[in-house]
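Colleague: The structure's right below; bear with me while I get my questions together.
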Amino acid sequence: MRNGNEFLVFVQSKDKLPADLVIPYGVTKIENGAFSGCTSLASVVIPDSVTEIGYVTEFGYPIVWSKEHEIGGAFEGCTSLKSVSMPKSVTKIGDYAFKDCVSLVSVKIPDGVTVIGRNAFFCCTSLRSVTIPDSVTRIDSEAFSGCTSLSKVTIPDNVKEIRDRVFQDCMSLKSITIPHGVKYIGSSLTEISGSAFHGCKNLKILYDGTKAQWKEIYKNPVGVGSKFVVHCKDGSVIIE
């Protein structure tokens, strides 16, 4: 459908979509919830002409949240989706983008993305690996919460904010590397919240800074449910 200079995508018969979908170049906007609930969709390629993708709120009311080069909640609940190719034109992965995509195994986030939105990969239970580029500066609340197969994560150096419950209940997460430049982890500035890593009982934290620097951002128990060790450059800090 064409609206002025915009080409919009509306999916009316979601049960008739092909399993492997290539969105044609020239599309600039994918409408709110366009592919949400498309349970047969196995792979999708998004062209670098796309500048706007909306999302559907938790209450089901469609709204336009993205404004430029964003991926919103349009793929929420695509339970057969195993792979997605995102173009470098995308600068933000919006809220609920791939929420409940339970077959998604790995994700390579393109360089240029600066924000990973709230619940972006919430309960992607098959997700084992994710590549986060250096361009990312913020990871919003519950972005990877409930990703029970995720085993290792490296946070790039430019990330300054890791918000509340980002890795909650990632029960297979054994190792996470946090750069020393992080200033915000959890619900308030320079603080790790009580639920940041809740349920990550096998977690090993590698911190690219000193014990003194860690203590500057560590304020409250991180809620892993047991004792764990933060490995800093000049030694280890035991958290109980």
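Naming works like this for the structure tokens: A, B, ... for the chains as they're shown, residue 1 at the start of each chain, ligands 1 onward in shown order.
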Identify, with DSSP run on backbone atoms, the residues in stretch 10-218 of chain A assigned to helix (DSSP H, G or I), and express the list as a PyMOL selection string.

Modeller: chain A and resi 14-16+211-217

Colleague: Identify, on the basis of only C-alpha atoms, every residue whose closest approach to A:Thr137 does not exceed 7 Å; exclude the query and any residue fewer than 4 positions from it along the same chain; express the result as a VMD selection string.

Modeller: chain A and resid 114 to 115 158 to 161

Colleague: Identify which of the residues A:Ala143, A:Val50, A:Ile93, A:Cys78 lies closest to A:Leu17, counting only C-alpha atoms when measuring atom-to-atom distances.

Modeller: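 That would be A:Cys78, the residue with the smallest distance to A:Leu17.
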
Colleague: Could you tell me, as a VMD selection string, which residues of stretch 21-182 of chain A DSSP assigns to strand (DSSP E) when given the backbone?

Modeller: chain A and resid 21 to 22 29 to 30 43 to 45 52 to 53 55 to 56 62 to 63 70 to 71 83 to 85 92 to 93 106 to 108 115 to 116 129 to 131 138 to 139 152 to 154 161 to 163 175 to 179

Colleague: Can I get the selection written as a PDB file, in the first residue's frame, with C-alpha atoms?

Modeller:
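Once everything was written out, this is out_21.pdb:
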```pdb
ATOM      1  CA  LEU A  21       9.823 -13.936   3.779  1.00  0.00           C
ATOM      2  CA  VAL A  22      11.883 -11.305   1.945  1.00  0.00           C
ATOM      3  CA  LYS A  29       7.423   1.327   6.991  1.00  0.00           C
ATOM      4  CA  ILE A  30       6.121  -1.918   8.475  1.00  0.00           C
ATOM      5  CA  SER A  43      12.824 -16.404   8.470  1.00  0.00           C
ATOM      6  CA  VAL A  44      12.607 -12.786   7.414  1.00  0.00           C
ATOM      7  CA  VAL A  45      14.926 -10.431   5.549  1.00  0.00           C
ATOM      8  CA  GLU A  52       9.920   2.644  10.649  1.00  0.00           C
ATOM      9  CA  ILE A  53       8.295  -0.375  12.245  1.00  0.00           C
ATOM     10  CA  TYR A  55       4.747  -2.224  17.797  1.00  0.00           C
ATOM     11  CA  VAL A  56       1.765  -3.462  19.752  1.00  0.00           C
ATOM     12  CA  PRO A  62      -1.417  -0.643  18.277  1.00  0.00           C
ATOM     13  CA  ILE A  63       0.634   2.542  18.414  1.00  0.00           C
ATOM     14  CA  GLU A  70      13.652   1.164  14.209  1.00  0.00           C
ATOM     15  CA  ILE A  71      12.368  -2.358  14.684  1.00  0.00           C
ATOM     16  CA  SER A  83      16.434 -16.364  11.751  1.00  0.00           C
ATOM     17  CA  VAL A  84      16.152 -12.683  10.971  1.00  0.00           C
ATOM     18  CA  SER A  85      18.409 -10.488   8.859  1.00  0.00           C
ATOM     19  CA  LYS A  92      17.032   0.842  17.488  1.00  0.00           C
ATOM     20  CA  ILE A  93      15.456  -2.523  18.242  1.00  0.00           C
ATOM     21  CA  SER A 106      20.876 -16.776  17.444  1.00  0.00           C
ATOM     22  CA  VAL A 107      20.804 -13.062  16.715  1.00  0.00           C
ATOM     23  CA  LYS A 108      23.387 -10.773  15.162  1.00  0.00           C
ATOM     24  CA  VAL A 115      19.368   0.847  21.876  1.00  0.00           C
ATOM     25  CA  ILE A 116      17.943  -2.617  22.540  1.00  0.00           C
ATOM     26  CA  SER A 129      23.877 -16.594  21.435  1.00  0.00           C
ATOM     27  CA  VAL A 130      23.567 -12.913  20.696  1.00  0.00           C
ATOM     28  CA  THR A 131      26.104 -10.558  19.127  1.00  0.00           C
ATOM     29  CA  ARG A 138      21.740   1.120  26.290  1.00  0.00           C
ATOM     30  CA  ILE A 139      19.975  -2.190  27.001  1.00  0.00           C
ATOM     31  CA  LYS A 152      27.254 -16.303  27.324  1.00  0.00           C
ATOM     32  CA  VAL A 153      27.019 -12.560  26.777  1.00  0.00           C
ATOM     33  CA  THR A 154      29.655  -9.903  26.160  1.00  0.00           C
ATOM     34  CA  GLU A 161      23.131   1.564  30.833  1.00  0.00           C
ATOM     35  CA  ILE A 162      21.943  -1.966  31.610  1.00  0.00           C
ATOM     36  CA  ARG A 163      18.452  -1.543  32.964  1.00  0.00           C
ATOM     37  CA  SER A 175      29.377 -15.946  31.845  1.00  0.00           C
ATOM     38  CA  ILE A 176      28.817 -12.252  31.271  1.00  0.00           C
ATOM     39  CA  THR A 177      31.473  -9.641  30.555  1.00  0.00           C
ATOM     40  CA  ILE A 178      30.702  -6.096  31.718  1.00  0.00           C
ATOM     41  CA  PRO A 179      32.885  -3.154  30.602  1.00  0.00           C
TER      42      PRO A 179
END
```

Colleague: Considering only C-alpha atoms, state which residue in the set A:Gly146, A:Gly37, A:Gly209, A:Pro156 is at the smallest distance from A:Val230.

Modeller: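 Of all the options, A:Gly209 lies closest to A:Val230.
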
Colleague: Nearest to A:Asn202 among A:Glu142, A:Glu216, A:Asp169, A:Asp48, with distances taken over only C-alpha atoms: which residue is it?

Modeller: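 Of A:Glu142, A:Glu216, A:Asp169, A:Asp48, the one nearest A:Asn202, counting only C-alpha atoms, is A:Asp169.
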
Colleague: In Å, how far is it from atom CA of A:Val136 to atom CA of A:Pro87?

Modeller: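 Here the two named atoms are 15.1 Å from each other.
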
Colleague: If I take atom CA of A:Asp140 and atom CA of A:Met86, how far is one from the other in Å, to one decimal?

Modeller: 19.1 Å

Colleague: Would you compute the distance between atom CA of A:Val102 and atom CA of A:Thr148? Give it in Å to one decimal.

Modeller: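 Separating atom CA of A:Val102 from atom CA of A:Thr148 is a distance of 10.3 Å.
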
Colleague: Excluding A:Gln168 and any residue of its chain fewer than 5 positions from it, enumerate the residues within 6 Å of it, using only C-alpha atoms, and give them as a PyMOL selection string.

Modeller: chain A and resi 145+197-199

Colleague: Quick one: which stretch 129-217 of chain A residues come within 9 Å of stretch 231-239 of chain A, and what is the nearest atom pair for each with the distance in Å to one decimal, counting only C-alpha atoms, rows ordered by chain and ascending number, as a Markdown table?

Modeller:
```
| residue | atom | partner | partner_atom | distance |
| --- | --- | --- | --- | --- |
| A:Lys204 | CA | A:His231 | CA | 7.8 |
| A:Ile205 | CA | A:His231 | CA | 6.1 |
| A:Leu206 | CA | A:His231 | CA | 4.9 |
| A:Tyr207 | CA | A:Cys232 | CA | 5.0 |
| A:Asp208 | CA | A:Cys232 | CA | 6.2 |
| A:Gly209 | CA | A:Lys233 | CA | 5.6 |
| A:Thr210 | CA | A:Lys233 | CA | 5.3 |
| A:Lys211 | CA | A:Cys232 | CA | 5.8 |
| A:Trp214 | CA | A:Cys232 | CA | 7.8 |
```

Colleague: Once you have the residues from the selection above, write them out as a compact mmCIF listing (two decimals), in the first residue's frame, restricted to all heavy atoms.

Modeller:
```txt
# COMPACT_ATOMS: atom_id res chain seq x y z
N LYS A 204 28.91 -16.31 36.21
CA LYS A 204 30.24 -15.79 36.49
C LYS A 204 30.33 -14.42 35.84
O LYS A 204 30.16 -14.29 34.62
CB LYS A 204 31.31 -16.73 35.93
CG LYS A 204 32.74 -16.23 36.10
CD LYS A 204 33.72 -17.23 35.48
CE LYS A 204 35.15 -16.77 35.60
NZ LYS A 204 36.10 -17.74 34.99
N ILE A 205 30.59 -13.39 36.63
CA ILE A 205 30.68 -12.03 36.09
C ILE A 205 32.14 -11.65 35.92
O ILE A 205 32.95 -11.72 36.85
CB ILE A 205 29.99 -11.02 37.01
CG1 ILE A 205 28.47 -11.27 37.02
CG2 ILE A 205 30.26 -9.58 36.57
CD1 ILE A 205 27.69 -10.32 37.89
N LEU A 206 32.48 -11.27 34.69
CA LEU A 206 33.82 -10.76 34.37
C LEU A 206 33.69 -9.26 34.19
O LEU A 206 32.99 -8.79 33.29
CB LEU A 206 34.35 -11.41 33.09
CG LEU A 206 34.39 -12.95 33.09
CD1 LEU A 206 34.81 -13.46 31.72
CD2 LEU A 206 35.33 -13.47 34.17
N TYR A 207 34.35 -8.52 35.06
CA TYR A 207 34.23 -7.06 35.04
C TYR A 207 35.55 -6.44 34.58
O TYR A 207 36.61 -6.68 35.18
CB TYR A 207 33.85 -6.55 36.42
CG TYR A 207 33.75 -5.04 36.50
CD1 TYR A 207 32.83 -4.35 35.74
CD2 TYR A 207 34.59 -4.32 37.36
CE1 TYR A 207 32.73 -2.96 35.82
CE2 TYR A 207 34.50 -2.94 37.45
CZ TYR A 207 33.57 -2.26 36.67
OH TYR A 207 33.48 -0.89 36.75
N ASP A 208 35.49 -5.65 33.52
CA ASP A 208 36.68 -5.05 32.93
C ASP A 208 37.05 -3.74 33.65
O ASP A 208 37.08 -2.66 33.05
CB ASP A 208 36.46 -4.80 31.43
CG ASP A 208 37.72 -4.30 30.73
OD1 ASP A 208 38.82 -4.63 31.21
OD2 ASP A 208 37.59 -3.57 29.73
N GLY A 209 37.27 -3.86 34.92
CA GLY A 209 37.62 -2.72 35.75
C GLY A 209 38.16 -3.21 37.07
O GLY A 209 38.32 -4.42 37.30
N THR A 210 38.44 -2.29 37.98
CA THR A 210 38.99 -2.65 39.28
C THR A 210 37.88 -2.92 40.30
O THR A 210 36.71 -2.61 40.06
CB THR A 210 39.88 -1.51 39.80
OG1 THR A 210 39.06 -0.36 40.05
CG2 THR A 210 40.97 -1.16 38.79
N LYS A 211 38.28 -3.47 41.44
CA LYS A 211 37.32 -3.71 42.51
C LYS A 211 36.70 -2.40 43.00
O LYS A 211 35.50 -2.34 43.30
CB LYS A 211 38.01 -4.44 43.67
CG LYS A 211 38.40 -5.88 43.34
CD LYS A 211 38.90 -6.62 44.57
CE LYS A 211 40.26 -6.14 45.01
NZ LYS A 211 40.80 -6.94 46.15
N TRP A 214 34.07 -1.37 40.53
CA TRP A 214 32.87 -2.19 40.68
C TRP A 214 32.02 -1.71 41.85
O TRP A 214 30.81 -1.59 41.75
CB TRP A 214 33.25 -3.65 40.87
CG TRP A 214 32.08 -4.51 41.24
CD1 TRP A 214 31.72 -4.92 42.48
CD2 TRP A 214 31.08 -5.02 40.35
NE1 TRP A 214 30.57 -5.68 42.43
CE2 TRP A 214 30.15 -5.75 41.13
CE3 TRP A 214 30.89 -4.95 38.98
CZ2 TRP A 214 29.05 -6.39 40.57
CZ3 TRP A 214 29.79 -5.59 38.42
CH2 TRP A 214 28.90 -6.28 39.21
```

Colleague: Tell me, as a list in words, which residues lie within 7 Å of A:Asp100, counting only C-alpha atoms; anything in the same chain fewer than 4 positions away does not count.

Modeller: Glu76, Gly77, Thr79, Phe122, Cys123 and Cys124 of chain A

Colleague: Kindly save the residues from that selection, with all heavy atoms included, as an mmCIF file, in the first residue's frame.

Modeller:
```cif
data_model
loop_
_atom_site.group_PDB
_atom_site.id
_atom_site.type_symbol
_atom_site.label_atom_id
_atom_site.label_comp_id
_atom_site.auth_asym_id
_atom_site.auth_seq_id
_atom_site.Cartn_x
_atom_site.Cartn_y
_atom_site.Cartn_z
ATOM 1 N N GLU A 76 6.495 -10.025 17.298
ATOM 2 C CA GLU A 76 6.159 -10.643 18.572
ATOM 3 C C GLU A 76 5.301 -11.898 18.374
ATOM 4 O O GLU A 76 4.342 -11.908 17.613
ATOM 5 C CB GLU A 76 5.399 -9.633 19.446
ATOM 6 C CG GLU A 76 5.009 -10.155 20.799
ATOM 7 C CD GLU A 76 4.321 -9.087 21.644
ATOM 8 O OE1 GLU A 76 4.422 -7.896 21.291
ATOM 9 O OE2 GLU A 76 3.686 -9.454 22.646
ATOM 10 N N GLY A 77 5.686 -12.973 19.046
ATOM 11 C CA GLY A 77 4.887 -14.195 18.990
ATOM 12 C C GLY A 77 5.019 -14.984 17.705
ATOM 13 O O GLY A 77 4.188 -15.869 17.451
ATOM 14 N N THR A 79 6.337 -17.762 16.583
ATOM 15 C CA THR A 79 6.902 -18.894 17.310
ATOM 16 C C THR A 79 7.765 -19.826 16.459
ATOM 17 O O THR A 79 8.503 -20.644 17.006
ATOM 18 C CB THR A 79 5.774 -19.710 17.974
ATOM 19 O OG1 THR A 79 4.816 -20.085 16.981
ATOM 20 C CG2 THR A 79 5.079 -18.886 19.051
ATOM 21 N N PHE A 122 12.398 -10.946 24.996
ATOM 22 C CA PHE A 122 11.807 -11.559 26.181
ATOM 23 C C PHE A 122 11.293 -12.964 25.878
ATOM 24 O O PHE A 122 10.569 -13.198 24.911
ATOM 25 C CB PHE A 122 10.661 -10.683 26.682
ATOM 26 C CG PHE A 122 9.986 -11.179 27.928
ATOM 27 C CD1 PHE A 122 10.474 -10.844 29.180
ATOM 28 C CD2 PHE A 122 8.859 -11.986 27.856
ATOM 29 C CE1 PHE A 122 9.853 -11.298 30.341
ATOM 30 C CE2 PHE A 122 8.232 -12.438 29.002
ATOM 31 C CZ PHE A 122 8.734 -12.097 30.252
ATOM 32 N N CYS A 123 11.698 -13.923 26.695
ATOM 33 C CA CYS A 123 11.254 -15.319 26.569
ATOM 34 C C CYS A 123 11.534 -15.931 25.201
ATOM 35 O O CYS A 123 10.747 -16.746 24.705
ATOM 36 C CB CYS A 123 9.777 -15.453 26.919
ATOM 37 S SG CYS A 123 9.488 -15.502 28.706
ATOM 38 N N CYS A 124 12.658 -15.554 24.606
ATOM 39 C CA CYS A 124 13.146 -16.274 23.424
ATOM 40 C C CYS A 124 13.917 -17.476 23.964
ATOM 41 O O CYS A 124 15.148 -17.455 24.097
ATOM 42 C CB CYS A 124 14.030 -15.375 22.564
ATOM 43 S SG CYS A 124 13.129 -14.048 21.732
#
```
